[in-house]
Amino acid sequence: MEKIKTSIVGGSGYAGGELLRLLLFHPNVEVQQVTSERFAFKLVTRTNPNLRKNTTLKFCQMDELKSCDVLFVCLPHGSSSKRFEQFKSLAPKIIDLSADFRLNKKDGFVYGIPELHREEMQKTNFVSSAGCNATATILALYPLFKNNLVDLHKTVVEVKVGSSEGGNKFSESSHHPERSGLVRSFMPTNHRHNKEIIQELSFGEKITVHFSATAIEMVRGVLATCHVFLNENLEEKDIWKIYRKEHGNEPFIRIVKDREGIYRYPEPKLLIGTNYCDIGFEKDPNSNRLVVISAIDNLMKGAAGQALQAFNIMHSIDETTGLDFPGLHPI
Amino acid sequence: MVECVICGAEVTKPNDAVIGELIICPDCGTELEITGLDPFTVEEAPQEQEDWGE
């Protein structure tokens, strides 16, 4: 198979850097160019030091981009849509990692969670990679909303997130003495990702999701704790069967609900560098409340890994190609 | 083939199964004790209590 020529727009950020790491080791891919306005003409290893001795690529400017087969766009939110026409003229296929095209199939983009939109991805040229918190929440709750098993307006989701979600631009709040050791409720309501969650989990009637985000002492990772109320008083065995039916064959979803050992429920730290989404649950024995817990690496399943999974599907390549890292333990 | 009593996964009878033998559910990891061979039946094996939380 001839290698697919790819370029990354915005490769000095965390998601772009992670994507570069994945693409450099993908057997069907050639990385043609990586852009960064700030680091133009410098080695890509300047911002991605983990890639030393693996590449001699240098960043170029966006205006120097040549035609390629697939353009991965990793620009800050709001920047990508402004240049969409330019990007379209450079590549027949675009995978965008910003929030610009995620809602309402804007400009024909397919929402980028493969587990929900695999068939559409096989036919489209444009994929809008999903938000990290949205991915963790949607994958956790999809089996319940799809099968109409929960109260549509009583869902509460709390995510705990790592600092890399904030990108690599520093600010007063990211200054080490201020951030170290923090548990900071940074978005108790009105998080941008909530619209994605509602869009993807509404099957007919529009649902309500009460979503909050808290930054904690962690670099990578999302842990979503989702509280839903079952319409019927189902047993845990029934919940197992529903999750097995919807997610059992998914290569990157694991049901994690062990009765013994240390890691009984999903934990983000075990997923660092992997494309897995681990999902567990527990039914409150005294009510109809079901707590669903999910964990991902925000830069992988929440960004670059998921984008590569979509790329594989768009090109009829085994979707696990380049994504087989199982993680580290202990870490 | 029987259902795991905890998660409902299909659990296969080992060829050389004996009553009292412990087998592991492939999905939820629960230890199951074989309580019958014909028909094949299992129950959740008694668990040791352990403190794993904080």
# chains A, B, ... in the order shown; residues from 1 in each chain; ligands from 1
call {"tool": "closest_atom_pairs", "arguments": {"of": "chain B", "to": "chain A", "cutoff": "7 Å", "atoms": "only C-alpha atoms", "output": "JSON lines"}}
result
{"residue": "B:Ile6", "atom": "CA", "partner": "A:Lys237", "partner_atom": "CA", "distance": 5.8}
{"residue": "B:Cys7", "atom": "CA", "partner": "A:Lys237", "partner_atom": "CA", "distance": 4.4}
{"residue": "B:Gly8", "atom": "CA", "partner": "A:Lys237", "partner_atom": "CA", "distance": 5.6}
{"residue": "B:Cys28", "atom": "CA", "partner": "A:Asp258", "partner_atom": "CA", "distance": 5.7}
{"residue": "B:Gly29", "atom": "CA", "partner": "A:Asp258", "partner_atom": "CA", "distance": 6.1}
{"residue": "B:Thr30", "atom": "CA", "partner": "A:Arg259", "partner_atom": "CA", "distance": 6.5}
{"residue": "B:Trp52", "atom": "CA", "partner": "A:Ile262", "partner_atom": "CA", "distance": 6.0}
call {"tool": "residues_around", "arguments": {"residues": "A:Gly10", "least_positions_apart": "3", "cutoff": "9 Å", "atoms": "only C-alpha atoms", "output": "compact mmCIF listing (two decimals) with N, CA and C atoms, in the first residue's frame"}}
result
# COMPACT_ATOMS: atom_id res chain seq x y z
N GLY A 13 1.38 22.28 19.61
CA GLY A 13 0.53 22.12 20.79
C GLY A 13 0.55 20.68 21.28
N ALA A 15 -1.96 18.40 21.55
CA ALA A 15 -2.68 17.44 20.72
C ALA A 15 -1.93 17.20 19.41
N GLY A 16 -1.43 18.29 18.80
CA GLY A 16 -0.67 18.15 17.56
C GLY A 16 0.60 17.34 17.76
N GLY A 17 1.26 17.55 18.88
CA GLY A 17 2.48 16.80 19.18
C GLY A 17 2.20 15.32 19.39
N VAL A 34 4.69 19.75 9.10
CA VAL A 34 4.06 20.10 10.37
C VAL A 34 4.23 21.60 10.54
N THR A 35 3.14 22.29 10.81
CA THR A 35 3.25 23.75 10.90
C THR A 35 3.25 24.24 12.34
N SER A 36 3.92 25.36 12.53
CA SER A 36 3.83 26.14 13.76
C SER A 36 4.31 27.54 13.40
N GLU A 37 3.49 28.51 13.61
CA GLU A 37 3.90 29.88 13.29
C GLU A 37 4.99 30.32 14.28
N MET A 62 2.15 28.04 7.97
CA MET A 62 0.93 27.59 7.29
C MET A 62 0.92 27.96 5.81
N PHE A 72 -4.44 17.13 9.07
CA PHE A 72 -4.91 17.14 10.46
C PHE A 72 -4.78 18.58 10.96
N VAL A 73 -5.87 19.14 11.39
CA VAL A 73 -5.85 20.53 11.83
C VAL A 73 -5.99 20.59 13.35
N CYS A 74 -4.95 21.10 14.00
CA CYS A 74 -4.90 21.14 15.48
C CYS A 74 -4.74 22.58 15.96
N LEU A 75 -5.51 23.47 15.36
CA LEU A 75 -5.42 24.89 15.73
C LEU A 75 -6.33 25.18 16.92
N PRO A 76 -6.07 26.30 17.59
CA PRO A 76 -6.97 26.68 18.71
C PRO A 76 -8.41 26.86 18.22
call {"tool": "select_by_dssp", "arguments": {"residues": "stretch 43-241 of chain A", "states": "strand (DSSP E)", "output": "ChimeraX atom specification"}}
result
/A:59-60,70-73,93-96,110-111,126-128,155-161,183-187,209-216,222-229
call {"tool": "closest_residue", "arguments": {"among": "A:Leu51, A:Lys106, A:Ile138, A:Glu165", "to": "A:Asn194", "atoms": "only C-alpha atoms"}}
result
A:Ile138
call {"tool": "closest_residue", "arguments": {"among": "B:Gly36, B:Cys25, B:Pro46, B:Gly20", "to": "B:Val5", "atoms": "only C-alpha atoms"}}
result
B:Cys25
call {"tool": "residues_around", "arguments": {"residues": "A:Asn190", "least_positions_apart": "5", "cutoff": "12 Å", "atoms": "only C-alpha atoms", "output": "PyMOL selection string"}}
result
chain A and resi 195-196+209-213
call {"tool": "write_last_selection", "arguments": {"atoms": "N, CA and C atoms", "output": "short mmCIF file (atom, residue, chain, number, x, y, z; two decimals), in the first residue's frame"}}
result
data_model
loop_
_atom_site.label_atom_id
_atom_site.label_comp_id
_atom_site.auth_asym_id
_atom_site.auth_seq_id
_atom_site.Cartn_x
_atom_site.Cartn_y
_atom_site.Cartn_z
N LYS A 195 -22.75 20.88 25.03
CA LYS A 195 -23.58 20.88 23.81
C LYS A 195 -23.31 19.62 22.97
N GLU A 196 -22.05 19.20 22.95
CA GLU A 196 -21.73 17.96 22.22
C GLU A 196 -22.41 16.76 22.86
N VAL A 209 -28.39 17.69 30.48
CA VAL A 209 -27.22 17.17 31.20
C VAL A 209 -26.63 18.30 32.03
N HIS A 210 -26.48 18.06 33.31
CA HIS A 210 -25.86 19.05 34.19
C HIS A 210 -24.39 18.65 34.35
N PHE A 211 -23.50 19.48 33.81
CA PHE A 211 -22.10 19.09 33.65
C PHE A 211 -21.18 20.07 34.39
N SER A 212 -20.24 19.53 35.13
CA SER A 212 -19.24 20.37 35.83
C SER A 212 -17.85 19.81 35.61
N ALA A 213 -16.86 20.69 35.61
CA ALA A 213 -15.48 20.24 35.41
C ALA A 213 -14.59 20.79 36.52
#
call {"tool": "residues_around", "arguments": {"residues": "B:Leu37", "least_positions_apart": "3", "cutoff": "9 Å", "atoms": "only C-alpha atoms", "output": "VMD selection string"}}
result
chain B and resid 13 17 to 19 34 40 to 41
call {"tool": "write_last_selection", "arguments": {"atoms": "N, CA and C atoms", "output": "PDB file, in the first residue's frame"}}
result
ATOM      1  N   LYS B  13     -18.254 -24.503  30.602  1.00  0.00           N
ATOM      2  CA  LYS B  13     -17.833 -25.586  31.511  1.00  0.00           C
ATOM      3  C   LYS B  13     -16.485 -26.144  31.036  1.00  0.00           C
ATOM      4  N   ALA B  17     -14.082 -30.473  34.411  1.00  0.00           N
ATOM      5  CA  ALA B  17     -14.652 -29.792  35.575  1.00  0.00           C
ATOM      6  C   ALA B  17     -14.983 -30.756  36.707  1.00  0.00           C
ATOM      7  N   VAL B  18     -14.774 -30.274  37.931  1.00  0.00           N
ATOM      8  CA  VAL B  18     -15.183 -31.057  39.106  1.00  0.00           C
ATOM      9  C   VAL B  18     -15.960 -30.139  40.048  1.00  0.00           C
ATOM     10  N   ILE B  19     -16.830 -30.713  40.801  1.00  0.00           N
ATOM     11  CA  ILE B  19     -17.619 -29.911  41.738  1.00  0.00           C
ATOM     12  C   ILE B  19     -16.686 -29.292  42.785  1.00  0.00           C
ATOM     13  N   ILE B  34     -18.019 -24.125  40.964  1.00  0.00           N
ATOM     14  CA  ILE B  34     -18.869 -25.087  40.250  1.00  0.00           C
ATOM     15  C   ILE B  34     -19.644 -25.896  41.289  1.00  0.00           C
ATOM     16  N   PHE B  40     -24.872 -28.101  34.390  1.00  0.00           N
ATOM     17  CA  PHE B  40     -23.738 -27.291  34.838  1.00  0.00           C
ATOM     18  C   PHE B  40     -24.265 -26.074  35.609  1.00  0.00           C
ATOM     19  N   THR B  41     -23.883 -25.936  36.859  1.00  0.00           N
ATOM     20  CA  THR B  41     -24.320 -24.785  37.660  1.00  0.00           C
ATOM     21  C   THR B  41     -23.134 -24.180  38.408  1.00  0.00           C
TER      22      THR B  41
END
call {"tool": "atom_distance", "arguments": {"atom1": "atom CA of A:Asp96", "atom2": "atom CA of A:Ile279"}}
result
25.9 Å
call {"tool": "residues_around", "arguments": {"residues": "A:Gln122", "least_positions_apart": "6", "cutoff": "8 Å", "atoms": "only C-alpha atoms", "output": "PyMOL selection string"}}
result
chain A and resi 313-316
call {"tool": "write_last_selection", "arguments": {"atoms": "C-alpha atoms", "output": "mmCIF file, in the first residue's frame"}}
result
data_model
loop_
_atom_site.group_PDB
_atom_site.id
_atom_site.type_symbol
_atom_site.label_atom_id
_atom_site.label_comp_id
_atom_site.auth_asym_id
_atom_site.auth_seq_id
_atom_site.Cartn_x
_atom_site.Cartn_y
_atom_site.Cartn_z
ATOM 1 C CA ILE A 313 -11.640 4.072 9.363
ATOM 2 C CA MET A 314 -11.743 6.695 6.581
ATOM 3 C CA HIS A 315 -9.012 4.742 4.759
ATOM 4 C CA SER A 316 -10.330 1.217 5.415
#
call {"tool": "select_by_dssp", "arguments": {"residues": "stretch 157-276 of chain A", "states": "helix (DSSP H, G or I)", "output": "PDB file with C-alpha atoms, in the first residue's frame"}}
result
ATOM      1  CA  SER A 163      -3.644  20.287  33.182  1.00  0.00           C
ATOM      2  CA  SER A 164      -2.882  19.342  29.571  1.00  0.00           C
ATOM      3  CA  GLU A 165      -6.547  19.994  28.735  1.00  0.00           C
ATOM      4  CA  GLY A 166      -5.686  23.669  29.047  1.00  0.00           C
ATOM      5  CA  GLU A 172      -1.207  33.267  35.858  1.00  0.00           C
ATOM      6  CA  SER A 173      -3.448  30.397  36.918  1.00  0.00           C
ATOM      7  CA  SER A 174      -1.068  27.785  35.497  1.00  0.00           C
ATOM      8  CA  HIS A 176       3.400  26.349  39.402  1.00  0.00           C
ATOM      9  CA  PRO A 177       2.878  27.786  42.906  1.00  0.00           C
ATOM     10  CA  GLU A 178      -0.746  28.506  41.992  1.00  0.00           C
ATOM     11  CA  ARG A 179      -1.546  25.240  40.270  1.00  0.00           C
ATOM     12  CA  HIS A 193     -18.539  20.259  25.710  1.00  0.00           C
ATOM     13  CA  ASN A 194     -22.046  20.010  27.191  1.00  0.00           C
ATOM     14  CA  LYS A 195     -23.576  20.876  23.814  1.00  0.00           C
ATOM     15  CA  GLU A 196     -21.730  17.961  22.216  1.00  0.00           C
ATOM     16  CA  ILE A 197     -22.964  15.603  24.910  1.00  0.00           C
ATOM     17  CA  ILE A 198     -26.574  16.701  24.456  1.00  0.00           C
ATOM     18  CA  GLN A 199     -26.265  16.464  20.661  1.00  0.00           C
ATOM     19  CA  GLU A 200     -24.929  12.912  20.719  1.00  0.00           C
ATOM     20  CA  LEU A 201     -27.118  11.492  23.491  1.00  0.00           C
ATOM     21  CA  GLU A 236     -26.455  -4.780  37.826  1.00  0.00           C
ATOM     22  CA  LYS A 237     -26.541  -7.928  35.726  1.00  0.00           C
ATOM     23  CA  ASP A 238     -28.996  -6.179  33.371  1.00  0.00           C
ATOM     24  CA  ILE A 239     -26.692  -3.176  33.126  1.00  0.00           C
ATOM     25  CA  TRP A 240     -23.785  -5.480  32.308  1.00  0.00           C
ATOM     26  CA  LYS A 241     -25.777  -6.968  29.443  1.00  0.00           C
ATOM     27  CA  ILE A 242     -26.630  -3.553  28.016  1.00  0.00           C
ATOM     28  CA  TYR A 243     -23.017  -2.370  28.089  1.00  0.00           C
ATOM     29  CA  ARG A 244     -21.828  -5.666  26.660  1.00  0.00           C
ATOM     30  CA  LYS A 245     -24.333  -5.357  23.818  1.00  0.00           C
ATOM     31  CA  GLU A 246     -23.375  -1.785  22.895  1.00  0.00           C
ATOM     32  CA  HIS A 247     -19.655  -1.740  23.648  1.00  0.00           C
ATOM     33  CA  PRO A 268      -7.017   7.660  34.074  1.00  0.00           C
ATOM     34  CA  LYS A 269      -3.421   7.063  35.067  1.00  0.00           C
ATOM     35  CA  LEU A 270      -3.473   3.513  33.696  1.00  0.00           C
ATOM     36  CA  LEU A 271      -4.571   4.900  30.325  1.00  0.00           C
TER      37      LEU A 271
END
call {"tool": "atom_distance", "arguments": {"atom1": "atom CA of A:Val9", "atom2": "atom CA of A:Cys277"}}
result
26.3 Å
call {"tool": "atom_distance", "arguments": {"atom1": "atom CA of A:Ser202", "atom2": "atom CA of A:His117"}}
result
14.5 Å
call {"tool": "residues_around", "arguments": {"residues": "stretch 230-234 of chain A", "least_positions_apart": "6", "cutoff": "9 Å", "atoms": "only C-alpha atoms", "output": "list in words"}}
result
Leu144, Asn148, Leu149, Val150, Asp151, Lys283, Ser287, Asn288, Arg289 and Leu290 of chain A
call {"tool": "closest_residue", "arguments": {"among": "A:Arg21, A:His77, A:Arg83, A:Lys42", "to": "A:Gly273", "atoms": "only C-alpha atoms"}}
result
A:Arg21
call {"tool": "residues_around", "arguments": {"residues": "A:Ala99", "least_positions_apart": "3", "cutoff": "8 Å", "atoms": "only C-alpha atoms", "output": "ChimeraX atom specification"}}
result
/A:77-78,102,128-131
